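Visitor: Okay, here's the structure, questions in a sec.
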2 protein chains.
Amino acid sequence: MRSADGTAEGTRGSRADQADQRRAELLEAARRVVLERGISSTRVADIAKATNVSGGLIHYHFATKDELITAMLRTTIDTEVARLKELVRGSGPAVDRLDRVLRFYIPRSRTDQSWILWIDAFAAGLREAVVQHILLELETAWIGSVEQVIQAGVDSGEFTCDDPHGAAERLDSMLDGMIIRYTLHPSVLSRKRLLEHARIAAAREVGVDRSAFPGS
Amino acid sequence: MRSADGTAEGTRGSRADQADQRRAELLEAARRVVLERGISSTRVADIAKATNVSGGLIHYHFATKDELITAMLRTTIDTEVARLKELVRGSGPAVDRLDRVLRFYIPRSRTDQSWILWIDAFAAGLREAVVQHILLELETAWIGSVEQVIQAGVDSGEFTCDDPHGAAERLDSMLDGMIIRYTLHPSVLSRKRLLEHARIAAAREVGVDRSAFPGS
DNA sequence: CCGGTTTGACTGAATCGCCAGTAAGCCGCG
DNA sequence: CGCGGCTTACTGGCGATTCAGTCAAACCGG
């Protein structure tokens with residue numbers, strides 16, 4: 001895609017490419033470190049160590065720690081939203097598509113830590129407008145996607161729902177809250193039960209019977 | 001309740017009382033400061049200043065900052081749970097009682113910051129077992145209360161619900177998620193709309209019509 | 001193609017403000 | 001007295017940011 005000159009590959013090449021690569025590497029490392037230490041107790045030195053790089057380099061690529069963290073959230077969200085959009089574009093009966101979205105939302109297993117990042121980000125977003133904005137984007141994308149699938153189901157006559165947007169808001173909120181609970185106390189609320197709750201609520205929102213959804 | 005000795009009042013008296021009072025004062029100040037700065041960027045010096053007290057005094061009453069914060073969360077929760085239990089104990093038709101609980105849950109106004117504390121605590125709870133435990137207590141109390149009111153309604157024949165506990169879990173989660181959203185982006189989701197969502201969902205869970213609840 | 005020059009990624013160590021926690025002692029009340 | 005609540009003055013160290021310098025790759029005039 002780049003390099004109309006001699007060297008004909010995008011993986012390795014000009015210094016700009018190298019810098020981009022390093023930047024991406026740092027963002028990825030930042031994500032890993034934040035996942036296990038939390039945003040507020042992550043030190044730039046930790047990220048440096050995780051990349052086998054000097055502390056100074058971090059500040060060569062990112063002016064401040066905040067900038068690094070924000071950039072990390074930004075790219076994480078972007079890929080997440082992209083995958084979500086793709087998922088929504090999929091085909092099949094509306095029930096299946098909706099169920100797929102629900103399952104994508106919910107952590108895959110007890111060791112899936114992706115939500116740790118968002119919980120941390122919620123707290124950060126309380127005071128940082130940039131983070132707040134990023135989170136709003138993510139939520140909007142989710143609600144929009146759920147709404148879209150519901151609307152498709154209504155159009156095809158599979159679903160009955162007089163307020164797809166409201167239904168999506170309710171479902172999303174319920175999942176947010178429940179996943180936070182699951183992330184904090186996995187022993188109190190199993191993933192299975194969580195998914196079951198999601199399906200029950202979803203079925204109700206779109207006016208079909210619970211049995212229309214997968215899973216017993 | 002204390003002082004079976006000479007001085008016959010609980011507000012002012014023995015040195016122990018004075019110490020207790022100071023402790024409470026510090027906890028209250030801690031709460032205020034944390035609300036506006038967040039747990040992780042609250043310094044003990046801030047709390048000292050907010051109480052017009054020297055920095056050293058904090059450590060006279062609380063060994064570490066963590067202990068102070070934890071104690072603060074603890075007492076906040078205790079009073080919250082107490083008020084909740086009292087609310088549940090109230091009388092009247094089950095719909096009214098349920099609605100009262102819902103309204104108690106939701107921030108009173110855009111300036112009610114109580115939820116900021118919990119969002120912060122969620123993040124802290126990701127790594128601190130003590131906080132995690134405190135949060136679990138709070139959630140359990142909420143779910144229990146909602147369940148209890150629903151069950152009462154079922155017993156009196158006002159409600160239909162074959163799984164009060166599950167219904168309470170779903171309602172609670174939805175409110176958690178939605179309130180986080182409201183707290184972070186009040187301009188995107190109004191309190192009015194939030195309450196309406198709560199009533200719609202609640203009505204559905206207990207098998208009554210939305211119009212059975214107050215508010216148009 | 002070559003030596004000199006520039007550029008840009010990167011290092012390692014120093015700086016410096018911040019902040020939890022400590023130590024020593026003051027003071028008023030019982 | 002003497003104890004308990006309180007203050008002031010410190011410290012120890014952490015941790016973001018800065019900076020002077022290294023090194024290799026790209027560039028360029030001849």
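In the structure tokens, each chain is lettered A, B, ... as it comes, each chain's residues begin at 1, and ligands are numbered from 1 in order of appearance.
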Within 9 Å of chain C, which residues of chain A show up when using only C-alpha atoms (C1' of nucleotides), listed as a PDB file with C-alpha atoms, in the first residue's frame?
Guide:
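Result file is iface-v1.pdb:
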```
ATOM      1  CA  ARG A  15      11.926   4.800   9.010  1.00  0.00           C
ATOM      2  CA  GLN A  18       9.556   1.471  11.718  1.00  0.00           C
ATOM      3  CA  ALA A  19       8.223   4.281  13.879  1.00  0.00           C
ATOM      4  CA  VAL A  53      12.798  -0.545  25.539  1.00  0.00           C
ATOM      5  CA  SER A  54      14.194   2.377  27.466  1.00  0.00           C
ATOM      6  CA  GLY A  55      11.911   4.633  29.443  1.00  0.00           C
ATOM      7  CA  GLY A  56      12.929   7.581  27.385  1.00  0.00           C
ATOM      8  CA  LEU A  57      11.628   6.063  24.197  1.00  0.00           C
ATOM      9  CA  TYR A  60       9.900  10.065  22.247  1.00  0.00           C
TER      10      TYR A  60
END
```
Visitor: Can you pull out every residue within 6 Å of stretch 108-121 of chain B, counting only C-alpha atoms (C1' of nucleotides), but drop anything in the same chain fewer than 3 positions away, and send it as a PyMOL selection string?
Guide: (chain A and resi 123) or (chain B and resi 35+124-125)
Visitor: Using only C-alpha atoms (C1' of nucleotides), I'd like every residue of chain A that has an atom within 12 Å of chain D; please write them out as a count of residues only.
Guide: 22
Visitor: So how many Å separate atom CA of B:Arg210 and atom CA of B:Glu147, to one decimal?
Guide: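 Computing it gives 18.8 Å between the two atoms.
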Visitor: Determine the nearest neighbour of chain A from the options B:Ile143, B:Leu195, B:Leu136, B:Leu84, counting only C-alpha atoms.
Guide: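 Of all the options, B:Leu136 lies closest to chain A.
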Visitor: Residues of chain A within 7 Å of chain B, using only C-alpha atoms, as a VMD selection string?
Guide: chain A and resid 40 119 to 120 122 to 123 126 132 170 173 to 174 176 to 178 184 197
Visitor: One number please: atom CA of A:Lys85 to atom CA of A:Pro107, in Å, one decimal.
Guide: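 For atom CA of A:Lys85 relative to atom CA of A:Pro107, the distance reads 17.7 Å.
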Visitor: Find the residues near B:Val149: any atom within 12 Å, counting only C-alpha atoms (C1' of nucleotides), skip ones fewer than 4 places away on the same chain, and give them as a PyMOL selection string.
Guide: chain B and resi 84-85+87-102+142-145+153-156+158-159+161+164-165+167-168+202+206
Visitor: Between atom CA of B:Ala30 and atom CA of B:Ser187, what is the distance in Å, rounded to a tenth?
Guide: 28.5 Å
Visitor: Determine which residues of stretch 35-144 of chain B DSSP labels as helix (DSSP H, G or I) from the backbone of this structure, then write them out as a PyMOL selection string.
Guide: chain B and resi 35-37+44-51+55-61+65-89+94-105+114-125+129-144
Visitor: How would the residues just chosen look if you wrote them out with C-alpha atoms as a PDB file, in the first residue's frame?
Guide:
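Ended up saving to part-v7.pdb:
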```pdb
ATOM      1  CA  LEU B  35     -16.206  12.507  45.031  1.00  0.00           C
ATOM      2  CA  GLU B  36     -14.550  15.437  43.373  1.00  0.00           C
ATOM      3  CA  ARG B  37     -11.069  14.107  42.721  1.00  0.00           C
ATOM      4  CA  VAL B  44      -4.281  12.573  52.279  1.00  0.00           C
ATOM      5  CA  ALA B  45      -3.216  16.206  52.375  1.00  0.00           C
ATOM      6  CA  ASP B  46      -6.437  17.131  50.550  1.00  0.00           C
ATOM      7  CA  ILE B  47      -8.518  15.380  53.130  1.00  0.00           C
ATOM      8  CA  ALA B  48      -6.543  17.081  55.872  1.00  0.00           C
ATOM      9  CA  LYS B  49      -7.119  20.477  54.327  1.00  0.00           C
ATOM     10  CA  ALA B  50     -10.818  19.777  53.867  1.00  0.00           C
ATOM     11  CA  THR B  51     -11.043  19.131  57.599  1.00  0.00           C
ATOM     12  CA  GLY B  55      -1.652  15.974  57.613  1.00  0.00           C
ATOM     13  CA  GLY B  56      -0.191  13.981  60.431  1.00  0.00           C
ATOM     14  CA  LEU B  57      -3.511  13.654  62.177  1.00  0.00           C
ATOM     15  CA  ILE B  58      -4.903  11.532  59.421  1.00  0.00           C
ATOM     16  CA  HIS B  59      -2.269   8.948  60.163  1.00  0.00           C
ATOM     17  CA  TYR B  60      -3.002   9.169  63.820  1.00  0.00           C
ATOM     18  CA  HIS B  61      -6.523   7.925  63.194  1.00  0.00           C
ATOM     19  CA  LYS B  65      -4.523   5.970  53.184  1.00  0.00           C
ATOM     20  CA  ASP B  66      -5.998   2.704  51.980  1.00  0.00           C
ATOM     21  CA  GLU B  67      -7.440   2.040  55.388  1.00  0.00           C
ATOM     22  CA  LEU B  68      -9.073   5.454  55.387  1.00  0.00           C
ATOM     23  CA  ILE B  69     -10.578   5.020  51.952  1.00  0.00           C
ATOM     24  CA  THR B  70     -11.799   1.557  52.745  1.00  0.00           C
ATOM     25  CA  ALA B  71     -13.361   2.698  55.986  1.00  0.00           C
ATOM     26  CA  MET B  72     -15.040   5.503  54.116  1.00  0.00           C
ATOM     27  CA  LEU B  73     -16.546   3.114  51.597  1.00  0.00           C
ATOM     28  CA  ARG B  74     -17.606   0.861  54.399  1.00  0.00           C
ATOM     29  CA  THR B  75     -19.556   3.521  56.305  1.00  0.00           C
ATOM     30  CA  THR B  76     -21.008   4.958  53.116  1.00  0.00           C
ATOM     31  CA  ILE B  77     -22.327   1.551  52.243  1.00  0.00           C
ATOM     32  CA  ASP B  78     -23.634   0.890  55.684  1.00  0.00           C
ATOM     33  CA  THR B  79     -25.763   4.002  55.776  1.00  0.00           C
ATOM     34  CA  GLU B  80     -26.906   3.409  52.223  1.00  0.00           C
ATOM     35  CA  VAL B  81     -27.952  -0.146  52.982  1.00  0.00           C
ATOM     36  CA  ALA B  82     -29.693   0.960  56.154  1.00  0.00           C
ATOM     37  CA  ARG B  83     -31.757   3.541  54.307  1.00  0.00           C
ATOM     38  CA  LEU B  84     -32.549   0.999  51.643  1.00  0.00           C
ATOM     39  CA  LYS B  85     -33.769  -1.568  54.147  1.00  0.00           C
ATOM     40  CA  GLU B  86     -35.966   1.031  55.750  1.00  0.00           C
ATOM     41  CA  LEU B  87     -37.397   1.972  52.402  1.00  0.00           C
ATOM     42  CA  VAL B  88     -38.239  -1.630  51.649  1.00  0.00           C
ATOM     43  CA  ARG B  89     -39.927  -2.021  54.977  1.00  0.00           C
ATOM     44  CA  ALA B  94     -46.279  -3.262  45.835  1.00  0.00           C
ATOM     45  CA  VAL B  95     -46.103  -1.123  42.688  1.00  0.00           C
ATOM     46  CA  ASP B  96     -45.573   1.968  44.775  1.00  0.00           C
ATOM     47  CA  ARG B  97     -42.955   0.316  46.910  1.00  0.00           C
ATOM     48  CA  LEU B  98     -41.100  -0.975  43.892  1.00  0.00           C
ATOM     49  CA  ASP B  99     -41.242   2.428  42.268  1.00  0.00           C
ATOM     50  CA  ARG B 100     -39.892   3.990  45.428  1.00  0.00           C
ATOM     51  CA  VAL B 101     -36.942   1.626  45.396  1.00  0.00           C
ATOM     52  CA  LEU B 102     -36.233   2.403  41.763  1.00  0.00           C
ATOM     53  CA  ARG B 103     -36.312   6.116  42.446  1.00  0.00           C
ATOM     54  CA  PHE B 104     -34.051   5.706  45.425  1.00  0.00           C
ATOM     55  CA  TYR B 105     -31.569   3.884  43.241  1.00  0.00           C
ATOM     56  CA  SER B 114     -23.173   9.631  44.735  1.00  0.00           C
ATOM     57  CA  TRP B 115     -22.621   7.288  41.841  1.00  0.00           C
ATOM     58  CA  ILE B 116     -19.244   8.743  41.065  1.00  0.00           C
ATOM     59  CA  LEU B 117     -18.074   7.001  44.167  1.00  0.00           C
ATOM     60  CA  TRP B 118     -19.301   3.609  43.044  1.00  0.00           C
ATOM     61  CA  ILE B 119     -17.852   3.896  39.588  1.00  0.00           C
ATOM     62  CA  ASP B 120     -14.540   4.734  41.159  1.00  0.00           C
ATOM     63  CA  ALA B 121     -14.965   1.856  43.536  1.00  0.00           C
ATOM     64  CA  PHE B 122     -15.640  -0.570  40.676  1.00  0.00           C
ATOM     65  CA  ALA B 123     -12.254   0.255  39.247  1.00  0.00           C
ATOM     66  CA  ALA B 124     -10.572  -0.006  42.616  1.00  0.00           C
ATOM     67  CA  GLY B 125     -12.341  -3.285  43.240  1.00  0.00           C
ATOM     68  CA  ALA B 129     -10.181  -7.642  47.438  1.00  0.00           C
ATOM     69  CA  VAL B 130     -11.507  -5.570  50.335  1.00  0.00           C
ATOM     70  CA  VAL B 131     -13.213  -3.130  48.034  1.00  0.00           C
ATOM     71  CA  GLN B 132     -14.495  -6.006  45.979  1.00  0.00           C
ATOM     72  CA  HIS B 133     -16.084  -7.488  49.035  1.00  0.00           C
ATOM     73  CA  ILE B 134     -17.699  -4.215  50.055  1.00  0.00           C
ATOM     74  CA  LEU B 135     -19.167  -3.805  46.604  1.00  0.00           C
ATOM     75  CA  LEU B 136     -20.526  -7.300  46.646  1.00  0.00           C
ATOM     76  CA  GLU B 137     -22.306  -6.510  49.871  1.00  0.00           C
ATOM     77  CA  LEU B 138     -23.914  -3.457  48.357  1.00  0.00           C
ATOM     78  CA  GLU B 139     -25.049  -5.280  45.255  1.00  0.00           C
ATOM     79  CA  THR B 140     -26.386  -8.135  47.288  1.00  0.00           C
ATOM     80  CA  ALA B 141     -28.371  -5.747  49.428  1.00  0.00           C
ATOM     81  CA  TRP B 142     -29.874  -4.060  46.394  1.00  0.00           C
ATOM     82  CA  ILE B 143     -30.789  -7.237  44.632  1.00  0.00           C
ATOM     83  CA  GLY B 144     -32.181  -8.656  47.837  1.00  0.00           C
TER      84      GLY B 144
END
```
